[in-house]
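Text of start_28.cif (mmCIF, C-alpha atoms) as supplied:
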data_query
loop_
_atom_site.label_atom_id
_atom_site.label_comp_id
_atom_site.auth_asym_id
_atom_site.auth_seq_id
_atom_site.Cartn_x
_atom_site.Cartn_y
_atom_site.Cartn_z
CA VAL R 1 0.00 0.00 0.00
CA HIS R 2 1.44 3.38 -0.98
CA LEU R 3 -0.11 6.11 1.15
CA ILE R 4 -0.02 9.44 -0.66
CA PRO R 5 -0.06 12.46 1.66
CA VAL R 6 -2.56 15.20 0.83
CA ASN R 7 -1.84 18.80 1.63
CA PRO R 8 -3.51 19.68 4.94
CA ILE R 9 -6.15 22.41 4.75
CA ARG R 10 -5.50 25.26 7.14
CA GLU R 11 -8.21 26.67 9.40
CA ASP R 12 -8.73 29.60 7.03
CA GLY R 13 -9.58 27.10 4.27
CA LEU R 14 -6.44 27.74 2.21
CA SER R 15 -3.97 25.05 1.24
CA PRO R 16 -0.36 25.69 2.31
CA LYS R 17 2.30 25.72 -0.44
CA SER R 18 3.44 22.20 -1.30
CA ARG R 19 7.21 21.67 -1.45
CA LYS R 20 8.60 19.82 -4.45
CA ARG R 21 11.38 17.34 -3.88
CA ILE R 22 13.77 16.47 -6.69
CA MET R 23 14.39 12.86 -5.66
CA PRO R 24 11.44 11.36 -3.80
CA ASP R 25 12.05 8.36 -1.52
CA LEU R 26 10.42 5.50 -3.37
CA LEU R 27 8.79 3.20 -0.87
CA THR R 28 6.59 0.96 -2.96
CA GLU R 29 7.78 -1.09 -5.90
CA PRO R 30 5.90 -0.05 -9.05
CA PRO R 31 4.07 -2.81 -10.96
CA VAL R 32 5.77 -2.11 -14.34
CA ILE R 33 9.42 -1.50 -15.17
CA ASP R 34 10.25 1.99 -13.97
CA PRO R 35 13.83 2.92 -14.98
CA VAL R 36 14.08 5.62 -12.30
CA TYR R 37 12.98 3.26 -9.53
CA GLU R 38 15.40 0.58 -10.79
CA ALA R 39 18.22 3.14 -10.89
CA HIS R 40 17.49 4.06 -7.25
CA VAL R 41 17.72 0.38 -6.28
CA TYR R 42 21.00 0.06 -8.19
CA CYS R 43 22.52 3.10 -6.43
CA ASN R 44 21.75 1.53 -3.02
CA ILE R 45 22.12 4.86 -1.21
CA PRO R 46 22.56 4.12 2.53
CA THR R 47 19.47 5.60 4.21
CA ILE R 48 17.15 3.36 6.19
CA ALA R 49 18.34 0.37 8.23
CA GLU R 50 18.18 -2.81 6.18
CA ARG R 51 16.18 -5.83 7.22
CA SER R 52 17.76 -9.14 6.36
CA MET R 53 17.05 -12.85 6.60
CA GLU R 54 20.66 -13.92 7.20
CA GLY R 55 21.19 -16.23 10.16
CA HIS R 56 17.57 -17.43 10.43
CA ALA R 57 17.18 -21.13 11.28
CA PRO R 58 15.35 -23.43 13.72
CA HIS R 59 16.92 -23.18 17.20
CA TYR R 60 18.47 -26.67 17.04
CA PHE R 61 20.57 -25.82 13.96
CA LYS R 62 24.17 -24.67 14.35
CA LEU R 63 25.83 -22.25 11.94
CA VAL R 64 29.25 -23.63 10.95
CA SER R 65 30.39 -21.59 7.94
CA VAL R 66 29.57 -18.43 5.99
CA GLN R 67 30.86 -17.55 2.52
CA VAL R 68 30.18 -14.05 1.20
CA LEU R 69 30.58 -12.81 -2.37
CA ILE R 70 30.29 -9.02 -2.67
CA ARG R 71 30.26 -6.46 -5.43
CA HIS R 72 32.37 -3.38 -4.64
CA GLY R 73 30.51 -0.31 -3.41
CA ASP R 74 29.56 2.89 -5.24
CA ARG R 75 32.35 4.06 -7.54
CA TYR R 76 33.28 6.88 -9.87
CA PRO R 77 32.56 6.05 -13.56
CA LEU R 78 34.94 3.89 -15.58
CA TYR R 79 34.11 5.92 -18.72
CA ALA R 80 33.78 9.65 -19.42
CA ILE R 81 31.29 11.20 -21.85
CA PRO R 82 33.57 13.00 -24.33
CA LYS R 83 33.60 16.84 -24.34
CA THR R 84 31.68 17.12 -21.05
CA LYS R 85 32.92 18.07 -17.60
CA ARG R 86 33.43 15.01 -15.41
CA PRO R 87 31.00 14.74 -12.45
CA ASP R 88 32.39 16.71 -9.52
CA ILE R 89 32.56 14.01 -6.80
CA ASP R 90 34.97 14.19 -3.85
CA CYS R 91 36.59 10.85 -2.89
CA MET R 92 38.16 12.10 0.37
CA LEU R 93 36.60 10.37 3.40
CA LEU R 94 34.95 12.99 5.63
CA PRO R 95 32.96 11.59 8.59
CA SER R 96 31.00 14.88 8.76
CA ARG R 97 29.69 14.49 5.19
CA LYS R 98 26.66 12.38 4.27
CA PRO R 99 26.33 9.50 3.80
CA SER R 100 28.46 8.66 6.84
CA HIS R 101 28.83 5.90 9.41
CA PRO R 102 29.59 5.98 13.17
CA GLN R 103 32.74 3.91 12.57
CA LEU R 104 34.02 5.81 9.53
CA GLU R 105 36.58 7.84 11.48
CA ALA R 106 37.90 4.75 13.33
CA PHE R 107 38.05 2.90 9.97
CA ILE R 108 40.28 5.61 8.45
CA LYS R 109 42.64 5.48 11.47
CA HIS R 110 42.80 1.67 11.39
CA MET R 111 43.51 1.59 7.64
CA SER R 112 46.56 3.81 8.13
CA LYS R 113 48.14 1.06 10.28
CA GLY R 114 47.69 -1.72 7.72
CA SER R 115 51.28 -2.30 6.66
CA ALA R 116 51.46 -5.51 8.77
CA ALA R 117 48.82 -7.27 6.64
CA GLN R 118 49.83 -10.05 4.24
CA MET R 119 48.77 -8.84 0.80
CA ASP R 120 49.41 -10.91 -2.32
CA GLY R 121 51.45 -9.43 -5.15
CA SER R 122 50.23 -6.07 -6.40
CA LEU R 123 47.59 -5.66 -3.63
CA SER R 124 50.20 -4.29 -1.21
CA SER R 125 50.79 -1.29 -3.49
CA LEU R 126 47.08 -0.33 -3.61
CA PRO R 127 45.68 2.35 -1.24
CA ARG R 128 43.56 0.92 1.59
CA TYR R 129 40.93 3.67 1.33
CA PRO R 130 39.98 6.32 -1.26
CA SER R 131 41.64 9.72 -0.83
CA HIS R 132 41.37 12.02 -3.86
CA SER R 133 39.57 15.38 -3.75
CA LEU R 134 38.35 14.69 -7.32
CA CYS R 135 37.70 10.97 -7.69
CA GLU R 136 39.83 9.05 -10.14
CA MET R 137 38.14 6.84 -12.76
CA GLY R 138 36.69 3.73 -11.10
CA GLU R 139 37.61 4.90 -7.58
CA LEU R 140 35.45 3.88 -4.61
CA THR R 141 33.52 6.85 -3.19
CA GLN R 142 32.64 7.63 0.43
CA THR R 143 29.17 6.20 -0.34
CA GLY R 144 30.86 2.96 -1.44
CA VAL R 145 32.88 2.74 1.79
CA VAL R 146 29.77 3.41 3.92
CA GLN R 147 27.75 0.75 2.03
CA HIS R 148 30.29 -1.90 3.05
CA LEU R 149 30.74 -0.59 6.60
CA ARG R 150 26.99 -1.18 6.88
CA ASN R 151 27.25 -4.65 5.30
CA GLY R 152 29.98 -5.65 7.77
CA GLN R 153 28.05 -4.29 10.75
CA LEU R 154 24.89 -6.16 9.74
CA LEU R 155 26.80 -9.44 9.27
CA ARG R 156 28.62 -8.95 12.59
CA GLU R 157 25.37 -8.56 14.53
CA ILE R 158 24.07 -11.83 13.06
CA TYR R 159 27.12 -14.06 12.63
CA ILE R 160 29.42 -12.93 15.45
CA ASN R 161 27.13 -11.53 18.17
CA LYS R 162 24.23 -13.97 17.70
CA HIS R 163 25.76 -17.15 16.21
CA LYS R 164 29.35 -16.89 17.55
CA LEU R 165 30.77 -17.99 14.18
CA LEU R 166 34.19 -16.59 15.14
CA LEU R 167 35.27 -16.42 18.79
CA SER R 168 37.54 -13.66 20.10
CA ASP R 169 40.62 -15.89 19.71
CA TRP R 170 40.12 -16.35 15.92
CA THR R 171 43.26 -16.67 13.84
CA ALA R 172 44.25 -16.10 10.20
CA LYS R 173 43.34 -19.69 9.33
CA HIS R 174 39.67 -19.06 10.21
CA LEU R 175 39.37 -16.50 7.38
CA TYR R 176 39.74 -16.81 3.63
CA LEU R 177 39.92 -13.42 1.89
CA GLU R 178 40.26 -12.88 -1.86
CA THR R 179 39.89 -9.81 -4.06
CA THR R 180 40.57 -8.71 -7.62
CA GLY R 181 43.46 -6.31 -8.11
CA LYS R 182 41.37 -3.11 -8.20
CA SER R 183 41.52 -0.58 -5.39
CA ARG R 184 37.70 -0.47 -5.25
CA THR R 185 37.40 -4.22 -4.52
CA LEU R 186 40.26 -4.24 -1.99
CA GLN R 187 38.84 -1.18 -0.18
CA SER R 188 35.30 -2.64 -0.18
CA ALA R 189 36.63 -5.85 1.40
CA LEU R 190 38.53 -3.90 4.07
CA ALA R 191 35.49 -1.72 4.89
CA LEU R 192 33.28 -4.79 5.37
CA LEU R 193 35.96 -6.57 7.40
CA TYR R 194 36.48 -3.56 9.64
CA THR R 195 32.90 -3.51 10.96
CA PHE R 196 32.63 -7.32 10.88
CA LEU R 197 35.77 -7.67 13.07
CA PRO R 198 36.33 -4.16 14.53
CA ASP R 199 39.97 -3.14 15.15
CA PHE R 200 41.15 -6.53 13.83
CA ASP R 201 44.80 -7.46 14.20
CA TRP R 202 46.43 -6.71 10.82
CA LYS R 203 48.83 -9.65 11.28
CA LYS R 204 45.84 -12.01 10.96
CA ILE R 205 44.82 -10.59 7.58
CA ASN R 206 46.01 -12.50 4.53
CA MET R 207 44.44 -10.99 1.41
CA ARG R 208 44.79 -13.12 -1.72
CA HIS R 209 44.87 -11.57 -5.16
CA GLN R 210 42.58 -12.97 -7.88
CA TRP R 211 43.60 -11.87 -11.38
CA SER R 212 40.36 -13.04 -13.03
CA THR R 213 37.04 -11.21 -12.55
CA ILE R 214 35.23 -14.59 -12.71
CA PHE R 215 37.58 -16.04 -10.04
CA CYS R 216 38.51 -19.01 -12.22
CA SER R 217 42.00 -19.24 -10.64
CA GLY R 218 43.89 -22.09 -12.34
CA SER R 219 40.88 -23.37 -14.36
CA CYS R 220 40.37 -20.50 -16.79
CA ASP R 221 41.06 -22.27 -20.07
CA CYS R 222 37.54 -22.86 -21.41
CA PRO R 223 37.00 -22.26 -25.15
CA MET R 224 33.23 -22.87 -25.04
CA ARG R 225 32.78 -20.29 -22.30
CA ASN R 226 34.27 -17.70 -24.66
CA HIS R 227 32.07 -18.99 -27.50
CA TYR R 228 28.86 -18.46 -25.48
CA LEU R 229 30.04 -15.03 -24.33
CA GLU R 230 30.58 -13.97 -27.96
CA GLU R 231 27.10 -15.28 -28.87
CA GLU R 232 25.62 -13.34 -25.95
CA GLN R 233 27.39 -10.16 -27.11
CA ARG R 234 25.89 -10.66 -30.60
CA ARG R 235 22.43 -10.94 -29.01
CA GLN R 236 23.02 -7.69 -27.10
CA TYR R 237 24.10 -5.90 -30.27
CA SER R 238 21.07 -7.17 -32.20
CA LEU R 239 18.64 -5.97 -29.49
CA ARG R 240 20.29 -2.55 -29.41
CA VAL R 241 20.13 -2.11 -33.20
CA LYS R 242 16.39 -2.90 -33.17
CA ASN R 243 15.63 -0.21 -30.56
CA ASN R 244 14.66 2.94 -32.51
CA ASP R 245 14.00 5.01 -29.36
CA LEU R 246 17.48 4.23 -28.11
CA GLU R 247 19.06 5.18 -31.45
CA LYS R 248 17.21 8.53 -31.50
CA ILE R 249 18.42 9.26 -27.96
CA TYR R 250 22.03 8.47 -28.88
CA VAL R 251 21.81 10.70 -31.98
CA ASP R 252 20.35 13.53 -29.88
CA MET R 253 22.99 13.18 -27.14
CA ALA R 254 25.78 13.03 -29.73
CA LYS R 255 24.53 16.35 -31.20
CA ILE R 256 24.48 17.95 -27.74
CA VAL R 257 28.03 16.81 -27.05
CA GLY R 258 29.28 17.44 -30.60
CA ILE R 259 30.73 14.01 -31.46
CA PRO R 260 29.76 11.16 -33.83
CA THR R 261 26.98 8.88 -32.50
CA ARG R 262 29.30 5.88 -32.73
CA GLN R 263 31.85 7.57 -30.45
CA LEU R 264 29.18 8.46 -27.89
CA ARG R 265 27.89 4.87 -27.82
CA ALA R 266 31.43 3.54 -27.33
CA SER R 267 31.88 5.80 -24.29
CA ASN R 268 29.16 3.76 -22.48
CA PRO R 269 27.21 6.87 -21.34
CA ILE R 270 24.95 4.96 -18.89
CA ASP R 271 27.95 4.26 -16.63
CA SER R 272 28.69 7.97 -16.36
CA LEU R 273 25.02 9.05 -16.13
CA LEU R 274 24.38 6.61 -13.27
CA CYS R 275 27.09 8.39 -11.29
CA TYR R 276 25.37 11.78 -11.81
CA PHE R 277 22.05 10.16 -10.86
CA CYS R 278 23.29 8.29 -7.76
CA HIS R 279 25.02 11.41 -6.43
CA ASN R 280 22.10 13.74 -7.27
CA VAL R 281 24.32 15.86 -9.55
CA SER R 282 22.82 17.61 -12.62
CA PHE R 283 23.48 15.80 -15.90
CA PRO R 284 26.14 17.48 -18.10
CA CYS R 285 25.41 20.46 -20.38
CA THR R 286 27.19 22.02 -23.36
CA LYS R 287 26.54 25.21 -25.38
CA THR R 288 24.19 23.16 -27.56
CA GLY R 289 22.00 21.87 -24.72
CA CYS R 290 21.79 19.48 -21.77
CA ILE R 291 21.61 15.75 -21.38
CA GLY R 292 18.41 15.21 -19.41
CA MET R 293 16.30 12.72 -17.52
CA GLU R 294 14.52 11.60 -20.72
CA HIS R 295 17.85 10.51 -22.23
CA PHE R 296 18.72 8.67 -19.02
CA LYS R 297 15.34 6.90 -18.80
CA VAL R 298 15.47 5.54 -22.37
CA ILE R 299 19.02 4.17 -21.98
CA LYS R 300 18.22 2.69 -18.54
CA ARG R 301 14.97 1.14 -19.83
CA HIS R 302 16.88 -0.52 -22.68
CA GLN R 303 19.38 -1.88 -20.16
CA LEU R 304 16.52 -3.45 -18.17
CA GLU R 305 14.92 -4.90 -21.33
CA ASP R 306 18.31 -6.35 -22.27
CA GLU R 307 18.54 -8.08 -18.87
CA ARG R 308 15.06 -9.54 -19.34
CA GLU R 309 15.83 -10.89 -22.84
CA ARG R 310 19.17 -12.22 -21.58
CA GLN R 311 17.27 -14.43 -19.11
CA GLU R 312 14.96 -15.73 -21.87
CA LYS R 313 17.55 -16.50 -24.55
CA LYS R 314 19.73 -18.78 -22.36
CA LEU R 315 23.05 -17.92 -24.07
CA TYR R 316 24.15 -16.03 -20.99
CA PHE R 317 23.04 -18.94 -18.80
CA LEU R 318 25.30 -21.33 -20.76
CA TYR R 319 28.18 -18.84 -20.45
CA ALA R 320 27.43 -18.47 -16.72
CA LEU R 321 27.57 -22.22 -16.01
CA LEU R 322 31.06 -22.47 -17.49
CA ALA R 323 32.26 -19.12 -16.13
CA THR R 324 31.29 -19.83 -12.52
CA HIS R 325 32.07 -23.52 -12.15
CA PRO R 326 35.64 -22.96 -10.81
CA LEU R 327 34.38 -20.56 -8.11
CA LEU R 328 31.35 -22.70 -7.16
CA ASN R 329 33.55 -25.80 -7.09
CA GLN R 330 35.94 -24.10 -4.68
CA THR R 331 32.94 -23.07 -2.55
CA VAL R 332 31.51 -26.61 -2.48
CA ASN R 333 34.89 -28.21 -1.66
CA ARG R 334 35.31 -25.86 1.28
CA LEU R 335 31.77 -26.53 2.57
CA GLN R 336 32.41 -30.28 2.36
CA ARG R 337 35.66 -29.98 4.35
CA ILE R 338 33.88 -27.98 7.07
CA ALA R 339 30.98 -30.47 7.14
CA GLU R 340 33.58 -33.18 7.74
CA GLY R 341 34.82 -31.32 10.83
CA LYS R 342 37.61 -29.01 9.59
CA LYS R 343 37.61 -25.73 11.49
CA GLU R 344 39.49 -23.65 8.91
CA GLU R 345 38.17 -20.94 6.57
CA VAL R 346 34.82 -20.72 8.36
CA PHE R 347 34.36 -17.13 7.14
CA VAL R 348 35.11 -16.46 3.48
CA LEU R 349 34.97 -13.12 1.68
CA TYR R 350 35.33 -12.73 -2.09
CA SER R 351 35.39 -9.06 -3.15
CA ALA R 352 34.40 -8.80 -6.77
CA HIS R 353 32.43 -7.06 -9.53
CA ASP R 354 28.99 -7.12 -11.18
CA VAL R 355 30.52 -9.41 -13.86
CA THR R 356 31.34 -11.87 -11.04
CA LEU R 357 28.01 -11.89 -9.21
CA SER R 358 25.72 -11.76 -12.22
CA PRO R 359 26.85 -15.09 -13.77
CA VAL R 360 26.81 -16.80 -10.34
CA LEU R 361 23.15 -15.81 -9.87
CA SER R 362 22.35 -17.00 -13.39
CA ALA R 363 24.20 -20.33 -12.98
CA LEU R 364 22.38 -21.06 -9.71
CA GLY R 365 19.06 -20.50 -11.49
CA ILE R 366 18.07 -17.41 -9.47
CA THR R 367 16.31 -15.78 -12.42
CA GLU R 368 14.23 -13.34 -10.36
CA ALA R 369 17.32 -11.59 -8.99
CA ARG R 370 18.04 -8.03 -10.00
CA PHE R 371 21.34 -7.15 -11.64
CA PRO R 372 23.90 -6.69 -8.82
CA ARG R 373 23.58 -3.22 -7.30
CA PHE R 374 26.51 -1.40 -5.72
CA ALA R 375 27.66 -3.32 -2.59
CA ALA R 376 25.44 -6.32 -3.45
CA ARG R 377 26.11 -9.42 -1.33
CA LEU R 378 25.49 -13.09 -2.00
CA VAL R 379 25.82 -15.30 1.09
CA PHE R 380 26.18 -19.08 1.40
CA GLU R 381 25.43 -20.33 4.95
CA LEU R 382 26.29 -23.87 6.07
CA TRP R 383 24.23 -25.29 8.95
CA GLN R 384 24.54 -28.47 10.99
CA ASP R 385 21.38 -30.22 12.16
CA GLY R 386 21.70 -30.48 15.97
CA LYS R 387 19.39 -33.52 16.08
CA ARG R 388 21.36 -35.34 13.33
CA PRO R 389 24.89 -33.87 13.49
CA LYS R 390 26.04 -35.63 10.31
CA GLU R 391 23.41 -33.81 8.25
CA HIS R 392 24.33 -30.41 6.80
CA PHE R 393 22.19 -27.86 4.99
CA ILE R 394 22.79 -24.66 3.07
CA ARG R 395 20.93 -21.39 2.75
CA ILE R 396 21.64 -18.87 -0.01
CA LEU R 397 20.79 -15.20 0.49
CA TYR R 398 20.98 -12.29 -1.92
CA ASN R 399 20.98 -8.80 -0.41
CA GLY R 400 19.37 -10.23 2.73
CA ALA R 401 16.56 -12.11 0.93
CA ASP R 402 16.45 -15.91 1.18
CA VAL R 403 16.72 -17.23 -2.39
CA THR R 404 17.60 -20.86 -1.49
CA PHE R 405 14.45 -22.29 -3.06
CA GLN R 406 14.74 -20.20 -6.22
CA THR R 407 17.85 -22.20 -7.13
CA SER R 408 17.46 -24.82 -9.87
CA PHE R 409 18.83 -27.59 -7.63
CA CYS R 410 16.55 -26.97 -4.64
CA LYS R 411 13.24 -25.86 -6.16
CA ASP R 412 11.73 -29.35 -6.04
CA TYR R 413 13.09 -30.24 -2.60
CA TYR R 414 11.12 -27.35 -1.10
CA LYS R 415 7.81 -28.87 -2.25
CA HIS R 416 8.42 -32.11 -0.31
CA SER R 417 10.22 -30.93 2.83
CA SER R 418 9.41 -29.07 6.01
CA LYS R 419 13.06 -27.97 6.45
CA PRO R 420 13.69 -24.27 5.70
CA MET R 421 17.01 -25.13 4.01
CA CYS R 422 18.56 -27.22 1.25
CA PRO R 423 20.61 -30.40 1.91
CA LEU R 424 24.30 -29.75 1.22
CA GLU R 425 24.47 -32.78 -1.09
CA LYS R 426 21.94 -31.14 -3.46
CA PHE R 427 24.39 -28.26 -3.95
CA VAL R 428 27.36 -30.65 -4.21
CA ASN R 429 25.62 -32.79 -6.88
CA PHE R 430 24.68 -29.67 -8.84
CA VAL R 431 28.25 -28.33 -8.94
CA LYS R 432 30.03 -31.66 -9.42
CA ARG R 433 27.64 -33.20 -11.96
CA ASP R 434 24.37 -31.49 -12.92
CA MET R 435 25.93 -28.23 -14.15
CA PHE R 436 27.27 -30.14 -17.17
CA LEU R 437 24.10 -32.00 -18.19
CA VAL R 438 22.94 -29.21 -20.51
CA PHE R 439 26.25 -29.58 -22.40
CA ASN R 440 25.79 -33.38 -22.63
CA SER R 441 29.01 -33.66 -20.58
CA THR R 442 30.14 -35.12 -17.28
CA SER R 443 33.00 -32.77 -16.41
CA TYR R 444 34.06 -29.13 -16.62
CA TYR R 445 36.97 -30.00 -18.91
CA ASP R 446 34.70 -31.85 -21.33
CA ALA R 447 31.95 -29.17 -21.26
CA CYS R 448 34.58 -26.51 -22.02
CA ARG R 449 35.60 -28.32 -25.20
CA ARG R 450 32.39 -29.93 -26.50
CA ARG R 451 30.90 -28.02 -29.42
CA PRO R 452 27.11 -27.56 -29.28
CA LEU R 453 25.04 -29.91 -31.46
#

Just give me the structure as structure tokens.
Amino acid sequence: VHLIPVNPIREDGLSPKSRKRIMPDLLTEPPVIDPVYEAHVYCNIPTIAERSMEGHAPHYFKLVSVQVLIRHGDRYPLYAIPKTKRPDIDCMLLPSRKPSHPQLEAFIKHMSKGSAAQMDGSLSSLPRYPSHSLCEMGELTQTGVVQHLRNGQLLREIYINKHKLLLSDWTAKHLYLETTGKSRTLQSALALLYTFLPDFDWKKINMRHQWSTIFCSGSCDCPMRNHYLEEEQRRQYSLRVKNNDLEKIYVDMAKIVGIPTRQLRASNPIDSLLCYFCHNVSFPCTKTGCIGMEHFKVIKRHQLEDERERQEKKLYFLYALLATHPLLNQTVNRLQRIAEGKKEEVFVLYSAHDVTLSPVLSALGITEARFPRFAARLVFELWQDGKRPKEHFIRILYNGADVTFQTSFCKDYYKHSSKPMCPLEKFVNFVKRDMFLVFNSTSYYDACRRRPL
């Protein structure tokens, strides 16, 4: 129910002046695709406290492991719209500026002492928090830091304070931390860790570097994965070419900016425009005119239509299965070791990108999920049944919502069981065997090399 306030009538019968707000707080999800609403969700501006379903289980279940895959927080654009002034965003961390966090100041102080941490390869040369008065391309913003300080705080309240996943004498072997080699992913991981384990001992931090955005580690050679990705890119191109409204908008924007349409399209304007939108900064203007909300809405609507068609056409799904198998296999192997009684790597954090999370959601069959917003989190919980200690179950949560029974491997189990979770072996069988059935294969290696019929 969306209650719409009416202007109160004063005693003299006149209506007081109504104040217009530029960016209303959208409380109710509209029934049809609304590009502005979807853009708000994507920005994930930290305002109200978030409710989440993490850590919910019957009282006789024991939480034994948590694995978290995050997208980095809000960042400065990776692309600039040619011949326009870059958005004026400050990447210095100022606790007095909104959005802020009660632990932001302590976070900055703690980060300055981080030289004792073990950081793989090039990670040690990256800054541990953003610090430029005009953000650099792709740099994490203060909003991005605050988003992950909030994520870490929320996970701490559930997993440390309530479920005692890590006790105060935890050591480096209890954590597994991995990030890509971008400052925004490293800084997002450190922000989340700081509120999850406040004032942690830097000597216990061993941050591993992952060179691949799909976290395929030593199993990246997969020709068919690349084949399906190329097919998916052809589908994207075809959909874009068919969209006359989108083409008109690009032509109009190119005129405003004074460059060829092709060059404007190549500069990926939505990436830049989302930054203006998320930070409530006016879109850029030139002597010829201004880029406006109508331009933004058409491009954003096309992006949403593209996501919808991507789900239907299945090319991306086939790419996703092959792209994510190495990461899901590592996840399953770790869960199996913990289920067998190992007490290492009970908390895992992968700090990644939208191109990491999106194929994982697709491969798991979670088709209802939105494209990963800034600071999105996907959580795998492993639970032990207290009444039958040999039995283990998993829950999967996306941005705090329980999506366990949206997964392809646990949809049917839900219909026949009273348990609010999925047996671990269902997940194991999916990753070790069922992921390859659609390729008429029995292994990752074979699926990566078998041409489609």

Could you check the closest approach to Gly218 in chain R for each of R:Gln311, R:Gln330, R:Asn244, R:Thr179 and tell me which residue wins, using all atoms listed in the file?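 Residue with the minimum atom-to-atom distance to Gly218 in chain R: R:Gln330.
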
Figure out the distance between CA of Met92 in chain R and CA of Pro198 in chain R, please, to one decimal in Å.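 If I compute the distance from CA of Pro198 in chain R to CA of Met92 in chain R, I get 21.6 Å.
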
Residues of range 294-369 of chain R at most 12 Å from range 159-178 of chain R: nearest atom pair and distance in Å, all atoms listed in the file, as JSON lines:
{"residue": "R:Leu327", "atom": "CA", "partner": "R:Glu178", "partner_atom": "CA", "distance": 11.5}
{"residue": "R:Gln330", "atom": "CA", "partner": "R:Tyr176", "partner_atom": "CA", "distance": 11.7}
{"residue": "R:Thr331", "atom": "CA", "partner": "R:Tyr176", "partner_atom": "CA", "distance": 11.1}
{"residue": "R:Arg334", "atom": "CA", "partner": "R:Tyr176", "partner_atom": "CA", "distance": 10.3}
{"residue": "R:Ile338", "atom": "CA", "partner": "R:His174", "partner_atom": "CA", "distance": 11.1}
{"residue": "R:Lys342", "atom": "CA", "partner": "R:His174", "partner_atom": "CA", "distance": 10.2}
{"residue": "R:Lys343", "atom": "CA", "partner": "R:His174", "partner_atom": "CA", "distance": 7.1}
{"residue": "R:Glu344", "atom": "CA", "partner": "R:His174", "partner_atom": "CA", "distance": 4.8}
{"residue": "R:Glu345", "atom": "CA", "partner": "R:His174", "partner_atom": "CA", "distance": 4.4}
{"residue": "R:Val346", "atom": "CA", "partner": "R:His174", "partner_atom": "CA", "distance": 5.4}
{"residue": "R:Phe347", "atom": "CA", "partner": "R:Leu175", "partner_atom": "CA", "distance": 5.1}
{"residue": "R:Val348", "atom": "CA", "partner": "R:Tyr176", "partner_atom": "CA", "distance": 4.6}
{"residue": "R:Leu349", "atom": "CA", "partner": "R:Leu177", "partner_atom": "CA", "distance": 5.0}
{"residue": "R:Tyr350", "atom": "CA", "partner": "R:Glu178", "partner_atom": "CA", "distance": 4.9}
{"residue": "R:Ser351", "atom": "CA", "partner": "R:Glu178", "partner_atom": "CA", "distance": 6.3}
{"residue": "R:Ala352", "atom": "CA", "partner": "R:Glu178", "partner_atom": "CA", "distance": 8.7}

Show which residues sit within 12 Å of Tyr79 in chain R, as a PyMOL selection string. Count only C-alpha atoms, and ignore same-chain residues fewer than 6 positions away. chain R and resi 86-87+136-139+264-275

Please, could you write that set of residues out with C-alpha atoms as a PDB file, in the coordinates of the input?
ATOM      1  CA  ARG R  86      33.430  15.010 -15.410  1.00  0.00           C
ATOM      2  CA  PRO R  87      31.000  14.740 -12.450  1.00  0.00           C
ATOM      3  CA  GLU R 136      39.830   9.050 -10.140  1.00  0.00           C
ATOM      4  CA  MET R 137      38.140   6.840 -12.760  1.00  0.00           C
ATOM      5  CA  GLY R 138      36.690   3.730 -11.100  1.00  0.00           C
ATOM      6  CA  GLU R 139      37.610   4.900  -7.580  1.00  0.00           C
ATOM      7  CA  LEU R 264      29.180   8.460 -27.890  1.00  0.00           C
ATOM      8  CA  ARG R 265      27.890   4.870 -27.820  1.00  0.00           C
ATOM      9  CA  ALA R 266      31.430   3.540 -27.330  1.00  0.00           C
ATOM     10  CA  SER R 267      31.880   5.800 -24.290  1.00  0.00           C
ATOM     11  CA  ASN R 268      29.160   3.760 -22.480  1.00  0.00           C
ATOM     12  CA  PRO R 269      27.210   6.870 -21.340  1.00  0.00           C
ATOM     13  CA  ILE R 270      24.950   4.960 -18.890  1.00  0.00           C
ATOM     14  CA  ASP R 271      27.950   4.260 -16.630  1.00  0.00           C
ATOM     15  CA  SER R 272      28.690   7.970 -16.360  1.00  0.00           C
ATOM     16  CA  LEU R 273      25.020   9.050 -16.130  1.00  0.00           C
ATOM     17  CA  LEU R 274      24.380   6.610 -13.270  1.00  0.00           C
ATOM     18  CA  CYS R 275      27.090   8.390 -11.290  1.00  0.00           C
TER      19      CYS R 275
END

When you draw a straight line from CA of Asn329 in chain R to CA of Ser418 in chain R, how long is it in Å? 27.7 Å

Filled-in N, CA and C atoms of range 331-336 of chain R, supplied as a compact mmCIF listing (two decimals), in the coordinates of the input:
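New file result-v4.txt:
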# COMPACT_ATOMS: atom_id res chain seq x y z
N THR R 331 33.90 -23.29 -3.64
CA THR R 331 32.94 -23.07 -2.55
C THR R 331 32.44 -24.41 -2.00
N VAL R 332 32.04 -25.30 -2.89
CA VAL R 332 31.51 -26.61 -2.48
C VAL R 332 32.58 -27.44 -1.76
N ASN R 333 33.80 -27.44 -2.30
CA ASN R 333 34.89 -28.21 -1.66
C ASN R 333 35.13 -27.73 -0.24
N ARG R 334 35.08 -26.42 -0.06
CA ARG R 334 35.31 -25.86 1.28
C ARG R 334 34.17 -26.26 2.23
N LEU R 335 32.93 -26.16 1.74
CA LEU R 335 31.77 -26.53 2.57
C LEU R 335 31.84 -28.00 2.96
N GLN R 336 32.29 -28.86 2.04
CA GLN R 336 32.41 -30.28 2.36
C GLN R 336 33.47 -30.52 3.44
